[in-house]
Amino acid sequence: MLGRHGFIRGKQVANQSAGIRPQWRGLLVGAAALALQLFTAQGLAQEVHQAEVAGAANKKGETLYQANCGGCHQANGQGLAGAFPPLAKSDFIAKNPMGLLDITLKGVSGKMVVNGVEYNNTMPAMSHLSDGDLSAIITYVLNSWGNPGGKVTTKQLTQARKDAGLEFKQAAGGAHPGAGQAEERYQGAPSVIPPPEQATRIAAPSMTPDEMKDATKIYFERCAGCHGVLRKGATGKPLTLDITQAKGTEYLKALIKFGSPAGMPNWGTSGQLTDAQIDMMARFLQNEPPQPPEWGMAEMKNTWKVIVPPAQRPTSPQNKLNLDNVFAVTLRDSGEVALIDGDSKEIVTIIKTGYAVHISRMSHSGRYVYTIGRDGKTDLIDLWMNPPQAVAEIKIGLEARSVETSKYKGYEDKYAIAGAYWPPQYVIMDGATLEPLKIVSTRGMTVDTQEYHPEPRVAAIVASHQHPEFIINVKETGRILLVNYSDIENLGVTTINAARFLHDGGWDSSLRYFLTAANASNIVAVIDSKERKLVAKVPVDEIPHPGRGANFIHPEFGPVWVTSALGNDKITLIGTDPAKHQQHAWKVVKVLKGQGGGSLFVKTHPRSKNLWVDTPLNPDEKISQSIAVFDIRNLDAGYKVLPIGEWAKLGPGPKRIVQPEYNKAGDEVWFSVWSGQTEQSAIVIVDDKTRKLKKVIKGPKMITPTGKFNVYNTVHDVY
């Protein structure tokens with residue numbers, strides 16, 4: 001039967017074949033379809049040829065769907081509850097299959113009811129995709145997930161586009177529709193082409209100076225960590241102008257508001273950004289990014305302050321705290337760190353720090369806590385004081401994520417190191433005062449294409465237990481640096497080629513092998529810190545995000561290290577024992593199915609039988625507000641879900657559950673319940689053995705808690 005644009009239906013033929021044996025049904029349906037098409041002017045030979053290429057066309061449609069639509073409607077077409085309607089078994093599609101053509105070209109907004117559920121959202125126009133690609137996507141959707149079948153041709157798309165007065169404008173330089181070369185590979189330094197040759201660029205949406213200032217601040221605080229200060233991308237996709245301007249304001253607004261199952265947070269529906277702010281950010285992303293200044297030794301020393309000199313600090317602990325079981329808890333949006341007594345569960349003190357402290361690291365002695373904010377401010381906290389307080393501070397850059405201290409024998413507590421996202425560099429400091437001693441830039445060539453990169457950010461840093469070295473991940477270039485600090489004036493740096501884009505990672509249980517995620521490359525790189533070399537690049541799927549990972553003994557595979565993922569529900573186990581389990585070493589030995597994508601941390605403890613997996617960036621509230629827990633002794637039984645957000649008994653707010661952290665004894669696991677700055681947040685403590693609620697820490701001082709770092713476990717790299 002022919003539809004309004006010559007659409008060919010296949011549902012009726014399929015229904016009539018229902019009583020045929022399954023092994024013959026597909027052949028008869030195909031034969032019936034071919035017979036139906038013989039009534040057209042085409043010959044039999046042409047129809048046979050079309051059947052031969054149908055499989056390849058369907059694969060193309062699937063690939064394009066996943067790239068352009070799967071983020072909202074999901075890979076399986078199930079949609080996202082409350083945000084994006086399902087395409088699978090859709091009564092909306094069944095009633096008017098050709099409606100997909102108009103919606104895809106023009107977009108749609110407002111209320112619609114699909115499978116009995118009301119949705120009120122914006123579907124951006126996809127007219128930036130070519131007619132051939134739109135044809136492949138629509139045809140794929142029509143023939144997938146129980147939909148009626150059929151085909152939309154390129155010719156029909158061309159005519160429909162013409163009827164609607166739409167013009168096809170592919171993003172400049174893109175080998176794929178809607179995505180320029182920056183989405184497929186890194187674009188180098190800013191163009192030196194004179195302005196007249198760039199006259200084809202789309203005019204950027206207007207912004208007032210105040211809007212530009214506010215948007216820059218929001219981007220720095222919320223977006224730059226994944227997408228880069230210069231918007232070149234890494235963990236998150238590039239947001240260069242050839243991409244954002246082609247997508248348009250409405251598309252960007254929908255993505256920012258609702259997020260995606262692949263790990264893009266739902267900034268709007270979680271209450272983090274207002275509709276007005278989302279509109280502002282969508283326009284901001286279509287304007288040139290502001291160029292940040294450099295930050296050298298002079299700038300650092302201007303911010304360096306020794307509040308309490310070492311000679312004036314106590315020579316022994318002056319408080320009665322069990323310092324090994326103190327937790328340093330990030331209060332993200334207030335720019336503070338709360339020190340909480342793990343024994344009494346009481347807040348000891350709250351210390352002003354940099355904004356959104358990313359990590360806290362403890363000196364080898366356990367006396368000092370080093371914190372670093374996203375704004376590059378580093379604080380040194382002395383736990384021996386009563387109460388503990390900051391004794392030194394410095395701002396090492398404009399954006400940062402990593403700080404660490406020396407741990408090798410003879411160098412304990414001697415040096416600290418901090419890595420900057422901007423400028424791309426690291427600085428080695430005096431461990432007791434934070435005096436900056438040596439700054440080293442990480443700008444250079446990428447590991448694969450060997451192109452110059454202006455923003456190779458410093459991600460994870462760990463201190464080697466085998467040599468006097470810091471191990472440094474350089475995100476964009478995909479290189480791992482082994483920096484020997486035995487001679488600060490003449491640093492010895494070993495460069496190991498890994499893969500882009502390096503992010504976080506941690507030690508195996510022997511503290512010899514460093515496993516780290518090159519997340520946009522879907523690889524876990526393994527470094528032998530004793531032999532100082534790369535031993536493996538383990539393929540994983542998709543966008544691994546382990547935090548520091550988790551180690552336990554598997555009954556079949558021996559010691560394993562675990563990572564979860566931003567992009568899907570997979571929890572991947574990698575064998576880590578080349579001595580006694582060589583056949584499993586540096587291989588994926590098992591993949592577990594978790595709640596969903598958007599996971600940031602996995603956690604267990606040597607005394608625990610549980611493996612905890614969070615999903616704070618999943619846009620489904622049921623998933624982001626709970627935790628999945630596996631029994632290590634019976635992983636095949638799957639996970640159980642604990643309603644951590646519900647247990648906290650808070651008011652409105654996103655209540656994302658993030659970063660499990662154990663106490664020293666390994667019998668409690670602490671979770672952050674992360675809401676908005678003006679909403680209630682909490683720390684929920686669970687008995688690890690019984691999996692029952694033990695304690696909730698909340699109140700007006702508990703503002704957006706995220707990372708938690710137990711002193712003993714952090715000093716000894718227990719995870």
# chains A, B, ... in the order shown; residues from 1 in each chain; ligands from 1

$ residues_around --residues "Lys320 of chain A" --least-positions-apart "6" --cutoff "12 Å" --atoms "only C-alpha atoms" --output "VMD selection string"
chain A and resid 326 341 343 to 344 348 383 to 388

$ write_last_selection --atoms "N, CA and C atoms" --output "JSON list (two decimals), in the first residue's frame"
[["chain", "number", "residue", "atom", "x", "y", "z"],
["A", 326, "VAL", "N", 39.04, 9.51, 59.87],
["A", 326, "VAL", "CA", 38.42, 10.79, 59.51],
["A", 326, "VAL", "C", 38.15, 10.80, 58.01],
["A", 341, "ASP", "N", 34.21, 12.89, 61.64],
["A", 341, "ASP", "CA", 34.74, 11.81, 62.45],
["A", 341, "ASP", "C", 34.01, 10.52, 62.09],
["A", 343, "ASP", "N", 34.10, 7.71, 63.48],
["A", 343, "ASP", "CA", 33.65, 6.95, 64.65],
["A", 343, "ASP", "C", 32.33, 7.50, 65.18],
["A", 344, "SER", "N", 32.29, 8.81, 65.43],
["A", 344, "SER", "CA", 31.09, 9.42, 66.02],
["A", 344, "SER", "C", 30.08, 9.87, 64.97],
["A", 348, "VAL", "N", 33.53, 17.47, 62.42],
["A", 348, "VAL", "CA", 34.58, 18.03, 63.27],
["A", 348, "VAL", "C", 34.76, 19.51, 62.99],
["A", 383, "LEU", "N", 45.86, 17.99, 60.13],
["A", 383, "LEU", "CA", 44.94, 17.23, 60.98],
["A", 383, "LEU", "C", 45.38, 17.19, 62.44],
["A", 384, "TRP", "N", 46.62, 17.53, 62.73],
["A", 384, "TRP", "CA", 47.10, 17.49, 64.11],
["A", 384, "TRP", "C", 46.59, 18.66, 64.94],
["A", 385, "MET", "N", 46.15, 19.72, 64.30],
["A", 385, "MET", "CA", 45.72, 20.90, 65.04],
["A", 385, "MET", "C", 44.34, 20.66, 65.65],
["A", 386, "ASN", "N", 43.97, 21.48, 66.61],
["A", 386, "ASN", "CA", 42.69, 21.32, 67.30],
["A", 386, "ASN", "C", 41.92, 22.65, 67.26],
["A", 387, "PRO", "N", 40.92, 22.76, 66.38],
["A", 387, "PRO", "CA", 40.55, 21.75, 65.38],
["A", 387, "PRO", "C", 41.49, 21.83, 64.18],
["A", 388, "PRO", "N", 41.46, 20.82, 63.31],
["A", 388, "PRO", "CA", 42.27, 20.89, 62.09],
["A", 388, "PRO", "C", 41.96, 22.15, 61.30]]

$ residues_around --residues "Lys352 of chain A" --least-positions-apart "5" --cutoff "7 Å" --atoms "only C-alpha atoms" --output "PyMOL selection string"
chain A and resi 335-337

$ write_last_selection --atoms "C-alpha atoms" --output "short mmCIF file (atom, residue, chain, number, x, y, z; two decimals), in the first residue's frame"
data_model
loop_
_atom_site.label_atom_id
_atom_site.label_comp_id
_atom_site.auth_asym_id
_atom_site.auth_seq_id
_atom_site.Cartn_x
_atom_site.Cartn_y
_atom_site.Cartn_z
CA GLY A 335 33.68 25.72 48.21
CA GLU A 336 34.38 23.87 51.44
CA VAL A 337 35.58 20.56 52.84
#

$ residues_around --residues "Ile488 of chain A" --least-positions-apart "5" --cutoff "12 Å" --atoms "only C-alpha atoms" --output "PyMOL selection string"
chain A and resi 414-417+427-430+436-440+468-469+483+493

$ select_by_dssp --residues "segment 301-443 of chain A" --states "strand (DSSP E)" --output "PyMOL selection string"
chain A and resi 305-306+326-331+336-341+347-352+359-362+368-372+377-382+389-395+399-405+415-422+425-430+436-441

$ write_last_selection --atoms "C-alpha atoms" --output "PDB file, in the first residue's frame"
ATOM      1  CA  LYS A 305      50.305  31.933  51.396  1.00  0.00           C
ATOM      2  CA  VAL A 306      51.762  30.111  54.393  1.00  0.00           C
ATOM      3  CA  VAL A 326      38.421  10.789  59.508  1.00  0.00           C
ATOM      4  CA  PHE A 327      36.661  11.545  56.210  1.00  0.00           C
ATOM      5  CA  ALA A 328      37.410  14.617  54.078  1.00  0.00           C
ATOM      6  CA  VAL A 329      34.069  15.372  52.394  1.00  0.00           C
ATOM      7  CA  THR A 330      33.760  17.804  49.502  1.00  0.00           C
ATOM      8  CA  LEU A 331      30.962  20.363  49.897  1.00  0.00           C
ATOM      9  CA  GLU A 336      34.376  23.871  51.444  1.00  0.00           C
ATOM     10  CA  VAL A 337      35.578  20.559  52.842  1.00  0.00           C
ATOM     11  CA  ALA A 338      33.920  19.001  55.885  1.00  0.00           C
ATOM     12  CA  LEU A 339      36.066  16.822  58.126  1.00  0.00           C
ATOM     13  CA  ILE A 340      33.787  14.151  59.623  1.00  0.00           C
ATOM     14  CA  ASP A 341      34.742  11.805  62.455  1.00  0.00           C
ATOM     15  CA  ILE A 347      31.248  17.015  61.714  1.00  0.00           C
ATOM     16  CA  VAL A 348      34.575  18.034  63.274  1.00  0.00           C
ATOM     17  CA  THR A 349      35.050  21.236  61.317  1.00  0.00           C
ATOM     18  CA  ILE A 350      34.320  22.806  57.926  1.00  0.00           C
ATOM     19  CA  ILE A 351      37.218  24.455  56.103  1.00  0.00           C
ATOM     20  CA  LYS A 352      37.010  26.991  53.284  1.00  0.00           C
ATOM     21  CA  ILE A 359      39.866  15.241  45.276  1.00  0.00           C
ATOM     22  CA  SER A 360      41.481  15.221  48.700  1.00  0.00           C
ATOM     23  CA  ARG A 361      44.788  13.402  49.092  1.00  0.00           C
ATOM     24  CA  MET A 362      46.572  12.578  52.339  1.00  0.00           C
ATOM     25  CA  TYR A 368      48.168  16.494  56.062  1.00  0.00           C
ATOM     26  CA  VAL A 369      45.191  16.683  53.716  1.00  0.00           C
ATOM     27  CA  TYR A 370      45.781  18.263  50.310  1.00  0.00           C
ATOM     28  CA  THR A 371      42.678  19.488  48.500  1.00  0.00           C
ATOM     29  CA  ILE A 372      42.338  20.954  45.031  1.00  0.00           C
ATOM     30  CA  LYS A 377      43.111  26.541  44.476  1.00  0.00           C
ATOM     31  CA  THR A 378      45.100  24.068  46.559  1.00  0.00           C
ATOM     32  CA  ASP A 379      44.828  23.968  50.352  1.00  0.00           C
ATOM     33  CA  LEU A 380      46.988  22.171  52.896  1.00  0.00           C
ATOM     34  CA  ILE A 381      45.089  21.077  56.042  1.00  0.00           C
ATOM     35  CA  ASP A 382      46.909  19.999  59.221  1.00  0.00           C
ATOM     36  CA  GLN A 389      42.773  23.920  59.853  1.00  0.00           C
ATOM     37  CA  ALA A 390      44.367  25.097  56.619  1.00  0.00           C
ATOM     38  CA  VAL A 391      48.025  26.013  57.097  1.00  0.00           C
ATOM     39  CA  ALA A 392      48.975  26.918  53.498  1.00  0.00           C
ATOM     40  CA  GLU A 393      47.308  27.669  50.173  1.00  0.00           C
ATOM     41  CA  ILE A 394      48.133  28.430  46.539  1.00  0.00           C
ATOM     42  CA  LYS A 395      46.299  28.772  43.247  1.00  0.00           C
ATOM     43  CA  GLU A 399      41.089  24.988  36.393  1.00  0.00           C
ATOM     44  CA  ALA A 400      42.404  21.804  37.955  1.00  0.00           C
ATOM     45  CA  ARG A 401      41.491  18.284  39.091  1.00  0.00           C
ATOM     46  CA  SER A 402      44.490  16.502  40.602  1.00  0.00           C
ATOM     47  CA  VAL A 403      46.842  16.684  43.578  1.00  0.00           C
ATOM     48  CA  GLU A 404      49.123  14.045  45.110  1.00  0.00           C
ATOM     49  CA  THR A 405      52.074  13.700  47.506  1.00  0.00           C
ATOM     50  CA  TYR A 415      56.792  16.958  47.804  1.00  0.00           C
ATOM     51  CA  ALA A 416      53.312  17.695  46.574  1.00  0.00           C
ATOM     52  CA  ILE A 417      52.247  17.887  42.947  1.00  0.00           C
ATOM     53  CA  ALA A 418      49.173  19.433  41.340  1.00  0.00           C
ATOM     54  CA  GLY A 419      48.028  19.224  37.732  1.00  0.00           C
ATOM     55  CA  ALA A 420      46.076  21.893  35.902  1.00  0.00           C
ATOM     56  CA  TYR A 421      43.401  21.661  33.248  1.00  0.00           C
ATOM     57  CA  TRP A 422      44.244  25.236  32.361  1.00  0.00           C
ATOM     58  CA  GLN A 425      50.799  21.976  33.110  1.00  0.00           C
ATOM     59  CA  TYR A 426      51.818  20.484  36.427  1.00  0.00           C
ATOM     60  CA  VAL A 427      53.666  22.034  39.351  1.00  0.00           C
ATOM     61  CA  ILE A 428      55.814  20.342  41.989  1.00  0.00           C
ATOM     62  CA  MET A 429      55.644  22.024  45.400  1.00  0.00           C
ATOM     63  CA  ASP A 430      57.202  21.775  48.822  1.00  0.00           C
ATOM     64  CA  PRO A 436      55.972  26.162  43.966  1.00  0.00           C
ATOM     65  CA  LEU A 437      59.321  24.702  42.902  1.00  0.00           C
ATOM     66  CA  LYS A 438      58.959  23.550  39.296  1.00  0.00           C
ATOM     67  CA  ILE A 439      56.310  24.116  36.580  1.00  0.00           C
ATOM     68  CA  VAL A 440      56.230  21.854  33.512  1.00  0.00           C
ATOM     69  CA  SER A 441      53.959  22.341  30.501  1.00  0.00           C
TER      70      SER A 441
END

$ residues_around --residues "Leu600 of chain A" --least-positions-apart "5" --cutoff "9 Å" --atoms "only C-alpha atoms" --output "compact mmCIF listing (two decimals) with N, CA and C atoms, in the first residue's frame"
# COMPACT_ATOMS: atom_id res chain seq x y z
N PRO A 544 34.80 4.21 29.76
CA PRO A 544 35.08 3.72 31.12
C PRO A 544 35.35 4.88 32.07
N HIS A 545 34.81 4.78 33.28
CA HIS A 545 35.01 5.82 34.29
C HIS A 545 35.15 5.14 35.65
N PRO A 546 36.35 4.67 36.00
CA PRO A 546 36.50 3.82 37.17
C PRO A 546 36.63 4.55 38.50
N GLY A 547 36.83 5.92 38.49
CA GLY A 547 37.35 6.51 39.70
C GLY A 547 38.73 5.90 39.90
N SER A 564 33.41 0.79 35.91
CA SER A 564 32.08 0.98 35.32
C SER A 564 32.20 1.94 34.15
N ALA A 565 31.07 2.49 33.67
CA ALA A 565 31.12 3.28 32.45
C ALA A 565 30.10 4.40 32.47
N LEU A 566 30.43 5.45 31.74
CA LEU A 566 29.48 6.54 31.53
C LEU A 566 28.47 6.20 30.45
N VAL A 613 28.16 0.07 42.86
CA VAL A 613 28.26 0.79 41.59
C VAL A 613 27.24 1.93 41.60
N ASP A 614 27.73 3.18 41.47
CA ASP A 614 26.81 4.32 41.43
C ASP A 614 26.44 4.66 39.99
N THR A 615 25.39 5.47 39.81
CA THR A 615 24.95 5.94 38.48
C THR A 615 24.40 7.37 38.59
N PRO A 616 25.17 8.31 39.15
CA PRO A 616 24.63 9.64 39.43
C PRO A 616 24.30 10.47 38.20
N LEU A 617 24.91 10.15 37.05
CA LEU A 617 24.66 10.94 35.85
C LEU A 617 23.62 10.32 34.93
N VAL A 658 26.32 9.35 44.80
CA VAL A 658 27.64 9.35 44.17
C VAL A 658 28.72 8.91 45.15
N GLN A 659 29.68 8.22 44.65
CA GLN A 659 30.96 7.83 45.25
C GLN A 659 30.86 7.08 46.57

$ residues_around --residues "Gly146 of chain A" --least-positions-apart "4" --cutoff "9 Å" --atoms "only C-alpha atoms" --output "PyMOL selection string"
chain A and resi 88-90+142

$ write_last_selection --atoms "C-alpha atoms" --output "PDB file, in the first residue's frame"
ATOM      1  CA  ALA A  88       9.894   1.008  20.037  1.00  0.00           C
ATOM      2  CA  LYS A  89       6.382  -0.380  19.435  1.00  0.00           C
ATOM      3  CA  SER A  90       5.211   3.206  19.181  1.00  0.00           C
ATOM      4  CA  LEU A 142      10.287   1.945  10.880  1.00  0.00           C
TER       5      LEU A 142
END

$ atom_distance --atom1 "atom CA of Leu241 of chain A" --atom2 "atom CA of Met445 of chain A"
22.9 Å

$ closest_residue --among "A:Trp304, A:Asp413, A:Gln74, A:Ala215" --to "Pro290 of chain A" --atoms "only C-alpha atoms"
A:Ala215

$ closest_residue --among "A:Gly598, A:Gly268, A:Pro423, A:Gly225" --to "Leu252 of chain A" --atoms "only C-alpha atoms"
A:Gly268

$ residues_around --residues "segment 634-639 of chain A" --least-positions-apart "4" --cutoff "12 Å" --atoms "only C-alpha atoms" --output "short mmCIF file (atom, residue, chain, number, x, y, z; two decimals) with N, CA, C and O atoms, in the first residue's frame"
data_model
loop_
_atom_site.label_atom_id
_atom_site.label_comp_id
_atom_site.auth_asym_id
_atom_site.auth_seq_id
_atom_site.Cartn_x
_atom_site.Cartn_y
_atom_site.Cartn_z
N HIS A 554 38.53 -12.92 42.44
CA HIS A 554 37.47 -13.69 41.80
C HIS A 554 37.81 -15.18 41.94
O HIS A 554 38.97 -15.57 41.74
N PRO A 555 36.83 -16.02 42.26
CA PRO A 555 37.14 -17.45 42.49
C PRO A 555 37.73 -18.16 41.28
O PRO A 555 38.46 -19.13 41.44
N GLU A 556 37.42 -17.69 40.08
CA GLU A 556 37.93 -18.35 38.88
C GLU A 556 39.12 -17.61 38.28
O GLU A 556 40.11 -18.23 37.86
N ASP A 569 25.59 0.30 30.62
CA ASP A 569 25.39 -0.32 31.92
C ASP A 569 26.42 -1.40 32.24
O ASP A 569 26.24 -2.19 33.16
N LYS A 570 27.53 -1.42 31.52
CA LYS A 570 28.50 -2.49 31.70
C LYS A 570 29.49 -2.20 32.83
O LYS A 570 29.98 -1.08 32.97
N ILE A 571 29.76 -3.24 33.62
CA ILE A 571 30.76 -3.21 34.67
C ILE A 571 31.79 -4.27 34.30
O ILE A 571 31.48 -5.46 34.22
N THR A 572 33.01 -3.84 34.03
CA THR A 572 34.02 -4.68 33.40
C THR A 572 35.08 -5.12 34.39
O THR A 572 35.64 -4.29 35.12
N LEU A 573 35.35 -6.42 34.42
CA LEU A 573 36.37 -7.00 35.29
C LEU A 573 37.59 -7.36 34.45
O LEU A 573 37.48 -8.05 33.43
N LYS A 590 35.24 -10.77 32.62
CA LYS A 590 33.80 -10.84 32.86
C LYS A 590 33.21 -9.44 32.72
O LYS A 590 33.84 -8.45 33.08
N VAL A 591 31.97 -9.38 32.20
CA VAL A 591 31.24 -8.12 32.10
C VAL A 591 29.89 -8.30 32.78
O VAL A 591 29.11 -9.19 32.42
N LEU A 592 29.64 -7.46 33.77
CA LEU A 592 28.37 -7.49 34.50
C LEU A 592 27.43 -6.44 33.93
O LEU A 592 27.86 -5.42 33.39
N LYS A 593 26.15 -6.67 34.10
CA LYS A 593 25.14 -5.70 33.68
C LYS A 593 24.67 -4.94 34.91
O LYS A 593 24.19 -5.52 35.88
N GLY A 594 24.83 -3.61 34.86
CA GLY A 594 24.40 -2.76 35.96
C GLY A 594 23.08 -2.09 35.69
O GLY A 594 22.33 -2.49 34.80
N GLN A 595 22.79 -1.02 36.45
CA GLN A 595 21.51 -0.32 36.31
C GLN A 595 21.43 0.47 35.01
O GLN A 595 20.36 0.57 34.42
N GLY A 596 22.55 1.06 34.58
CA GLY A 596 22.51 1.89 33.38
C GLY A 596 23.78 2.70 33.26
O GLY A 596 24.70 2.60 34.07
N LYS A 609 32.38 -8.25 50.97
CA LYS A 609 31.91 -9.18 49.94
C LYS A 609 30.99 -8.45 48.95
O LYS A 609 30.33 -9.09 48.13
N ASN A 610 30.98 -7.13 49.02
CA ASN A 610 30.10 -6.34 48.17
C ASN A 610 30.88 -5.53 47.15
O ASN A 610 31.99 -5.06 47.44
N LEU A 611 30.28 -5.34 45.99
CA LEU A 611 30.78 -4.43 44.97
C LEU A 611 29.68 -3.41 44.71
O LEU A 611 28.57 -3.77 44.30
N TRP A 612 29.97 -2.13 44.97
CA TRP A 612 28.99 -1.06 44.85
C TRP A 612 29.23 -0.27 43.57
O TRP A 612 30.37 0.06 43.23
N VAL A 613 28.16 0.07 42.86
CA VAL A 613 28.26 0.79 41.59
C VAL A 613 27.24 1.93 41.60
O VAL A 613 26.03 1.70 41.72
N ASP A 614 27.73 3.18 41.47
CA ASP A 614 26.81 4.32 41.43
C ASP A 614 26.44 4.66 39.99
O ASP A 614 27.08 4.19 39.03
N SER A 626 19.62 5.85 43.40
CA SER A 626 19.81 4.56 44.06
C SER A 626 21.22 4.05 43.80
O SER A 626 21.99 4.65 43.05
N ILE A 627 21.53 2.93 44.41
CA ILE A 627 22.85 2.30 44.23
C ILE A 627 22.65 0.83 43.91
O ILE A 627 21.73 0.19 44.42
N ALA A 628 23.49 0.29 43.05
CA ALA A 628 23.48 -1.14 42.75
C ALA A 628 24.58 -1.82 43.54
O ALA A 628 25.70 -1.31 43.64
N VAL A 629 24.28 -2.98 44.09
CA VAL A 629 25.27 -3.73 44.86
C VAL A 629 25.26 -5.19 44.42
O VAL A 629 24.20 -5.81 44.30
N PHE A 630 26.46 -5.72 44.16
CA PHE A 630 26.66 -7.10 43.76
C PHE A 630 27.30 -7.88 44.91
O PHE A 630 28.14 -7.33 45.65
#

$ select_by_dssp --residues "segment 100-129 of chain A" --states "helix (DSSP H, G or I)" --output "ChimeraX atom specification"
/A:100-106

$ write_last_selection --atoms "N, CA, C and O atoms" --output "short mmCIF file (atom, residue, chain, number, x, y, z; two decimals), in the first residue's frame"
data_model
loop_
_atom_site.label_atom_id
_atom_site.label_comp_id
_atom_site.auth_asym_id
_atom_site.auth_seq_id
_atom_site.Cartn_x
_atom_site.Cartn_y
_atom_site.Cartn_z
N LEU A 100 7.05 10.65 10.74
CA LEU A 100 8.47 10.72 11.09
C LEU A 100 9.24 11.61 10.14
O LEU A 100 10.20 12.27 10.54
N LEU A 101 8.84 11.61 8.88
CA LEU A 101 9.54 12.43 7.89
C LEU A 101 9.44 13.90 8.25
O LEU A 101 10.44 14.62 8.32
N ASP A 102 8.22 14.37 8.52
CA ASP A 102 8.02 15.79 8.83
C ASP A 102 8.67 16.16 10.16
O ASP A 102 9.29 17.22 10.28
N ILE A 103 8.51 15.31 11.17
CA ILE A 103 9.08 15.62 12.48
C ILE A 103 10.60 15.69 12.42
O ILE A 103 11.23 16.57 13.00
N THR A 104 11.20 14.75 11.69
CA THR A 104 12.65 14.72 11.61
C THR A 104 13.20 15.95 10.89
O THR A 104 14.21 16.51 11.29
N LEU A 105 12.52 16.37 9.85
CA LEU A 105 12.96 17.55 9.09
C LEU A 105 12.70 18.85 9.84
O LEU A 105 13.56 19.74 9.85
N LYS A 106 11.54 18.96 10.45
CA LYS A 106 11.11 20.24 11.00
C LYS A 106 11.23 20.33 12.51
O LYS A 106 11.20 21.42 13.07
#

$ closest_residue --among "A:Gly373, A:Pro578, A:Gly444, A:Gly150" --to "Val474 of chain A" --atoms "only C-alpha atoms"
A:Gly444

$ atom_distance --atom1 "atom CA of Ala164 of chain A" --atom2 "atom CA of Ser127 of chain A"
10.7 Å

$ closest_residue --among "A:Arg367, A:Lys708, A:Thr446, A:Ser334" --to "Thr315 of chain A" --atoms "only C-alpha atoms"
A:Arg367
